[in-house]
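*Asks:* Enclosed is the structure file data_36.tsv (TSV, C-alpha atoms).
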```tsv
chain	number	residue	atom	x	y	z
E	1083	SER	CA	29.71	19.77	-11.50
E	1084	ARG	CA	30.45	18.99	-7.89
E	1085	THR	CA	33.72	17.47	-6.74
E	1086	GLU	CA	33.94	14.98	-3.89
E	1087	SER	CA	35.69	17.55	-1.71
E	1088	GLN	CA	32.66	19.84	-1.83
E	1089	GLN	CA	30.27	19.21	1.02
E	1090	GLU	CA	26.51	19.42	0.91
E	1091	TYR	CA	24.23	21.59	2.96
E	1092	GLU	CA	24.00	20.66	6.64
E	1093	PHE	CA	20.68	21.06	8.44
E	1094	THR	CA	20.60	23.03	11.67
E	1095	ASP	CA	20.04	21.38	15.06
E	1096	LYS	CA	16.46	22.66	15.07
E	1097	GLN	CA	15.85	21.21	11.60
E	1098	GLU	CA	17.40	17.91	12.66
E	1099	ILE	CA	14.86	17.66	15.50
E	1100	VAL	CA	12.14	17.65	12.81
E	1101	PHE	CA	13.97	14.80	11.06
E	1102	GLN	CA	14.37	12.97	14.37
E	1103	ASN	CA	10.62	13.17	15.00
E	1104	LEU	CA	9.93	12.05	11.44
E	1105	VAL	CA	12.33	9.10	11.80
E	1106	GLY	CA	10.57	8.00	14.99
E	1107	MET	CA	7.14	8.20	13.38
E	1108	ILE	CA	8.19	6.42	10.18
E	1109	TYR	CA	10.02	3.71	12.11
E	1110	SER	CA	7.04	3.07	14.41
E	1111	CYS	CA	4.78	2.74	11.35
E	1112	ALA	CA	7.27	0.32	9.80
E	1113	VAL	CA	7.18	-1.80	12.97
E	1114	LEU	CA	3.37	-1.73	13.03
E	1115	PHE	CA	3.15	-2.83	9.39
E	1116	PHE	CA	5.61	-5.63	10.13
E	1117	LEU	CA	3.45	-6.71	13.09
E	1118	MET	CA	0.41	-6.60	10.80
E	1119	PHE	CA	2.33	-8.88	8.43
E	1120	LEU	CA	3.14	-11.33	11.23
E	1121	VAL	CA	-0.42	-11.35	12.61
E	1122	THR	CA	-1.84	-11.84	9.13
E	1123	MET	CA	0.55	-14.74	8.50
E	1124	LEU	CA	-0.59	-16.31	11.79
E	1125	GLU	CA	-4.19	-15.86	10.66
E	1126	ILE	CA	-3.41	-17.63	7.37
E	1127	VAL	CA	-1.73	-20.54	9.17
E	1128	TYR	CA	-4.62	-20.82	11.65
E	1129	LYS	CA	-7.22	-20.75	8.87
E	1130	ALA	CA	-5.27	-23.31	6.83
E	1131	HIS	CA	-5.09	-25.74	9.74
E	1132	SER	CA	-8.73	-25.34	10.72
E	1133	ALA	CA	-10.18	-25.34	7.18
E	1134	PRO	CA	-11.50	-28.47	5.44
E	1135	LYS	CA	-8.87	-30.34	3.43
E	1136	ASP	CA	-10.14	-29.28	0.02
E	1137	ALA	CA	-10.71	-25.61	0.95
E	1138	PRO	CA	-8.98	-23.10	-1.36
E	1139	PRO	CA	-6.13	-21.04	0.06
E	1140	ASP	CA	-6.93	-17.58	1.37
E	1141	VAL	CA	-5.25	-15.66	-1.43
E	1142	ALA	CA	-6.74	-12.29	-0.48
E	1143	THR	CA	-5.36	-12.46	3.05
E	1144	ALA	CA	-1.97	-13.62	1.77
E	1145	SER	CA	-1.95	-10.68	-0.64
E	1146	ASP	CA	-2.64	-8.32	2.27
E	1147	ALA	CA	0.25	-9.86	4.20
E	1148	VAL	CA	2.63	-9.27	1.29
E	1149	ASP	CA	1.47	-5.66	1.04
E	1150	TYR	CA	2.10	-5.12	4.76
E	1151	LEU	CA	5.59	-6.54	4.37
E	1152	PHE	CA	6.32	-4.19	1.43
E	1153	TYR	CA	5.00	-1.20	3.38
E	1154	SER	CA	7.18	-2.14	6.33
E	1155	TYR	CA	10.24	-2.53	4.12
E	1156	PHE	CA	9.85	0.82	2.34
E	1157	LEU	CA	9.10	2.65	5.58
E	1158	ARG	CA	12.11	1.11	7.32
E	1159	LYS	CA	14.34	1.99	4.39
E	1160	ALA	CA	13.08	5.59	4.41
E	1161	SER	CA	13.52	5.90	8.19
E	1162	LEU	CA	17.16	4.74	7.94
E	1163	ALA	CA	17.87	7.30	5.22
E	1164	PHE	CA	16.25	10.12	7.21
E	1165	LYS	CA	18.20	9.01	10.28
E	1166	MET	CA	21.39	9.43	8.25
E	1167	VAL	CA	20.42	13.09	7.71
E	1168	ILE	CA	20.77	13.50	11.48
E	1169	THR	CA	23.86	11.38	12.09
E	1170	SER	CA	26.01	12.05	9.01
E	1171	ARG	CA	28.03	15.09	8.10
E	1172	GLY	CA	28.42	16.34	4.56
E	1173	SER	CA	25.70	14.33	2.84
E	1174	ASP	CA	22.41	15.58	4.27
E	1175	ILE	CA	20.85	16.29	0.88
E	1176	SER	CA	21.83	12.88	-0.55
E	1177	ASN	CA	20.37	11.14	2.51
E	1178	LEU	CA	17.26	13.30	2.32
E	1179	MET	CA	16.75	12.35	-1.32
E	1180	THR	CA	17.25	8.64	-0.49
E	1181	GLY	CA	14.60	8.93	2.24
E	1182	LEU	CA	12.22	10.71	-0.09
E	1183	ASN	CA	12.77	8.01	-2.71
E	1184	GLY	CA	11.85	5.38	-0.10
E	1185	LEU	CA	8.62	7.23	0.58
E	1186	TYR	CA	8.01	7.56	-3.16
E	1187	LEU	CA	8.34	3.77	-3.54
E	1188	LEU	CA	5.94	3.27	-0.63
E	1189	PHE	CA	3.33	5.56	-2.15
E	1190	LYS	CA	3.83	3.96	-5.56
E	1191	ARG	CA	3.09	0.55	-4.02
E	1192	MET	CA	0.09	1.95	-2.12
E	1193	ARG	CA	-1.28	3.48	-5.32
E	1194	PHE	CA	-0.92	0.12	-7.09
E	1195	VAL	CA	-2.64	-1.77	-4.27
E	1196	SER	CA	-5.41	0.83	-4.02
E	1197	THR	CA	-6.04	0.75	-7.76
E	1198	ILE	CA	-6.27	-3.04	-7.75
E	1199	TYR	CA	-8.66	-2.90	-4.78
E	1200	VAL	CA	-10.94	-0.35	-6.47
E	1201	LEU	CA	-11.00	-2.27	-9.77
E	1202	LYS	CA	-11.54	-5.61	-8.02
E	1203	THR	CA	-14.34	-4.25	-5.85
E	1204	MET	CA	-16.07	-2.60	-8.79
E	1205	ALA	CA	-15.84	-5.83	-10.77
E	1206	LEU	CA	-17.26	-7.85	-7.86
E	1207	ILE	CA	-20.13	-5.40	-7.47
E	1208	ALA	CA	-20.85	-5.55	-11.20
E	1209	ILE	CA	-20.73	-9.35	-11.23
E	1210	SER	CA	-22.94	-9.77	-8.17
E	1211	HIS	CA	-25.45	-7.05	-9.13
E	1212	PRO	CA	-28.83	-8.48	-10.18
E	1213	ARG	CA	-29.23	-8.42	-13.95
E	1214	CYS	CA	-31.73	-9.47	-16.53
E	1215	ASP	CA	-31.22	-13.20	-16.75
E	1216	ALA	CA	-33.58	-13.79	-19.62
E	1217	VAL	CA	-34.71	-11.71	-22.54
E	1218	SER	CA	-38.31	-12.54	-21.69
E	1219	GLN	CA	-38.01	-10.56	-18.45
E	1220	CYS	CA	-37.23	-7.43	-20.41
E	1221	HIS	CA	-39.34	-5.46	-22.81
E	1222	ASP	CA	-38.30	-6.65	-26.24
E	1223	GLY	CA	-34.71	-7.81	-26.37
E	1224	VAL	CA	-31.31	-7.69	-24.78
E	1225	SER	CA	-30.42	-4.23	-26.05
E	1226	GLN	CA	-33.48	-2.72	-24.41
E	1227	CYS	CA	-32.84	-4.67	-21.24
E	1228	HIS	CA	-29.43	-3.09	-20.88
E	1229	GLY	CA	-30.70	0.27	-22.01
E	1230	ARG	CA	-33.37	0.29	-19.31
E	1231	ALA	CA	-31.43	-1.40	-16.56
E	1232	SER	CA	-33.29	0.28	-13.71
E	1233	GLN	CA	-36.69	-0.78	-15.10
E	1234	CYS	CA	-35.51	-4.29	-15.82
E	1235	HIS	CA	-33.80	-4.76	-12.45
E	1236	GLY	CA	-37.01	-3.88	-10.69
E	1237	ARG	CA	-38.75	-6.77	-12.47
E	1238	VAL	CA	-36.10	-9.48	-11.94
```
Could you spell out this file's structure in structure tokens?
*Replies:*
Amino acid sequence: SRTESQQEYEFTDKQEIVFQNLVGMIYSCAVLFFLMFLVTMLEIVYKAHSAPKDAPPDVATASDAVDYLFYSYFLRKASLAFKMVITSRGSDISNLMTGLNGLYLLFKRMRFVSTIYVLKTMALIAISHPRCDAVSQCHDGVSQCHGRASQCHGRV
């Protein structure tokens, strides 16, 4: 068990340059994702004002905007933690772990968004794919229609 008087490992100046470069890259990505959020929000407002009155809201674009904002937040949080590795003394490992946790949360969100995208896209493809609309178009019943989808689809 560690006492508060015990200090953690300190990275060397050369190692801190690596962290400094990483902080700059992560921070610039956070800024870009925030700009993507702002631009997407402007797009939503523009579309809403130019769309017919009864047009549905652009939920997909709004969802993208929220994702960009989350990405920006997690990247900014990670960059601040990695910056603390450079500027603090005695807590490099704790700050490193906080930065890594920020990246973990980012990748967790990206995995969630990617999974939803893949499932949604597969569902849309399945829904929009031509199917046998009537049993009469197939050989002798629904079960055969689905069993011989390629033959049936060619006849639809």
*Asks:* Just the residues within 8 Å of range 1108-1124 of chain E, please, counting all atoms listed in the file, with nothing from its chain fewer than 5 positions along; format it as a list in words.
*Replies:*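 Non-adjacent residues within range: Thr1143, Ala1144, Asp1146, Ala1147, Val1148, Tyr1150, Leu1151, Tyr1153, Ser1154, Tyr1155, Phe1156, Leu1157, Arg1158, Ala1160 and Ser1161 of chain E.
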*Asks:* Taking into account all atoms listed in the file, which residue in the set E:Leu1182, E:Phe1152, E:Ala1137, E:Ser1145 is nearest to Tyr1199 in chain E?
*Replies:*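 Of E:Leu1182, E:Phe1152, E:Ala1137, E:Ser1145, the one nearest Tyr1199 in chain E, counting all atoms listed in the file, is E:Ser1145.
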*Asks:* Which residue, E:Thr1197, E:Lys1165, E:Phe1093, E:Ser1210, has the smallest gap to Thr1180 in chain E when you use all atoms listed in the file?
*Replies:* E:Lys1165
*Asks:* Quick one: of E:Val1100, E:Ile1207, E:Asp1149, E:Pro1138, who's nearest to Met1192 in chain E, counting all atoms listed in the file?
*Replies:*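 Between E:Val1100, E:Ile1207, E:Asp1149, E:Pro1138, the residue approaching Met1192 in chain E most closely is E:Asp1149.
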*Asks:* Counting all atoms listed in the file, which residue out of E:Val1105, E:Leu1187, E:Val1200, E:Val1141 sits closest to Met1166 in chain E?
*Replies:*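 Once distances to Met1166 in chain E are computed over all atoms listed in the file, the minimum belongs to E:Val1105.
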*Asks:* My list of candidates is E:Glu1092, E:Lys1129, E:Leu1162, E:Lys1135. Which is closest to Gly1106 in chain E when distances are computed with all atoms listed in the file?
*Replies:*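 Using all atoms listed in the file, Gly1106 in chain E sits closest to E:Leu1162.
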*Asks:* All heavy atoms for range 1175-1186 of chain E, written as a compact mmCIF listing (two decimals), in the coordinates of the input, could you do that?
*Replies:*
```
# COMPACT_ATOMS: atom_id res chain seq x y z
N ILE E 1175 21.77 16.24 2.01
CA ILE E 1175 20.85 16.29 0.88
C ILE E 1175 20.75 14.91 0.21
O ILE E 1175 19.65 14.46 -0.14
CB ILE E 1175 21.28 17.38 -0.14
CG1 ILE E 1175 21.29 18.76 0.53
CG2 ILE E 1175 20.37 17.36 -1.37
CD1 ILE E 1175 19.93 19.20 1.08
N SER E 1176 21.87 14.22 0.05
CA SER E 1176 21.83 12.88 -0.55
C SER E 1176 20.99 11.94 0.30
O SER E 1176 20.18 11.18 -0.23
CB SER E 1176 23.25 12.31 -0.67
OG SER E 1176 24.00 13.06 -1.58
N ASN E 1177 21.16 11.99 1.62
CA ASN E 1177 20.37 11.14 2.51
C ASN E 1177 18.90 11.53 2.49
O ASN E 1177 18.03 10.66 2.53
CB ASN E 1177 20.92 11.20 3.93
CG ASN E 1177 22.27 10.53 4.05
OD1 ASN E 1177 22.52 9.51 3.42
ND2 ASN E 1177 23.15 11.10 4.84
N LEU E 1178 18.65 12.82 2.42
CA LEU E 1178 17.26 13.30 2.32
C LEU E 1178 16.60 12.76 1.06
O LEU E 1178 15.48 12.26 1.10
CB LEU E 1178 17.23 14.83 2.33
CG LEU E 1178 15.87 15.49 2.11
CD1 LEU E 1178 14.90 15.13 3.21
CD2 LEU E 1178 16.04 17.00 2.01
N MET E 1179 17.31 12.83 -0.05
CA MET E 1179 16.75 12.35 -1.32
C MET E 1179 16.54 10.83 -1.27
O MET E 1179 15.56 10.33 -1.82
CB MET E 1179 17.66 12.74 -2.49
CG MET E 1179 17.74 14.25 -2.70
SD MET E 1179 16.15 15.10 -2.78
CE MET E 1179 15.47 14.41 -4.26
N THR E 1180 17.43 10.09 -0.63
CA THR E 1180 17.25 8.64 -0.49
C THR E 1180 16.00 8.35 0.33
O THR E 1180 15.22 7.45 0.00
CB THR E 1180 18.50 8.00 0.16
OG1 THR E 1180 19.64 8.28 -0.66
CG2 THR E 1180 18.33 6.50 0.32
N GLY E 1181 15.80 9.11 1.42
CA GLY E 1181 14.60 8.93 2.24
C GLY E 1181 13.34 9.27 1.47
O GLY E 1181 12.34 8.55 1.56
N LEU E 1182 13.39 10.34 0.71
CA LEU E 1182 12.22 10.71 -0.09
C LEU E 1182 11.94 9.66 -1.16
O LEU E 1182 10.77 9.37 -1.45
CB LEU E 1182 12.44 12.08 -0.74
CG LEU E 1182 12.42 13.27 0.22
CD1 LEU E 1182 12.81 14.55 -0.50
CD2 LEU E 1182 11.07 13.41 0.89
N ASN E 1183 12.98 9.07 -1.73
CA ASN E 1183 12.77 8.01 -2.71
C ASN E 1183 12.11 6.79 -2.06
O ASN E 1183 11.25 6.15 -2.66
CB ASN E 1183 14.09 7.61 -3.38
CG ASN E 1183 13.85 6.65 -4.53
OD1 ASN E 1183 13.12 6.96 -5.46
ND2 ASN E 1183 14.45 5.47 -4.44
N GLY E 1184 12.51 6.47 -0.82
CA GLY E 1184 11.85 5.38 -0.10
C GLY E 1184 10.37 5.64 0.09
O GLY E 1184 9.54 4.75 -0.07
N LEU E 1185 10.04 6.88 0.43
CA LEU E 1185 8.62 7.23 0.58
C LEU E 1185 7.91 7.19 -0.77
O LEU E 1185 6.76 6.75 -0.86
CB LEU E 1185 8.48 8.61 1.21
CG LEU E 1185 8.92 8.72 2.67
CD1 LEU E 1185 8.76 10.16 3.16
CD2 LEU E 1185 8.13 7.76 3.55
N TYR E 1186 8.58 7.63 -1.82
CA TYR E 1186 8.01 7.56 -3.16
C TYR E 1186 7.66 6.11 -3.51
O TYR E 1186 6.57 5.82 -4.01
CB TYR E 1186 8.99 8.14 -4.19
CG TYR E 1186 8.64 7.76 -5.61
CD1 TYR E 1186 7.61 8.41 -6.28
CD2 TYR E 1186 9.32 6.74 -6.26
CE1 TYR E 1186 7.28 8.05 -7.58
CE2 TYR E 1186 8.99 6.38 -7.56
CZ TYR E 1186 7.97 7.04 -8.21
OH TYR E 1186 7.63 6.67 -9.49
```
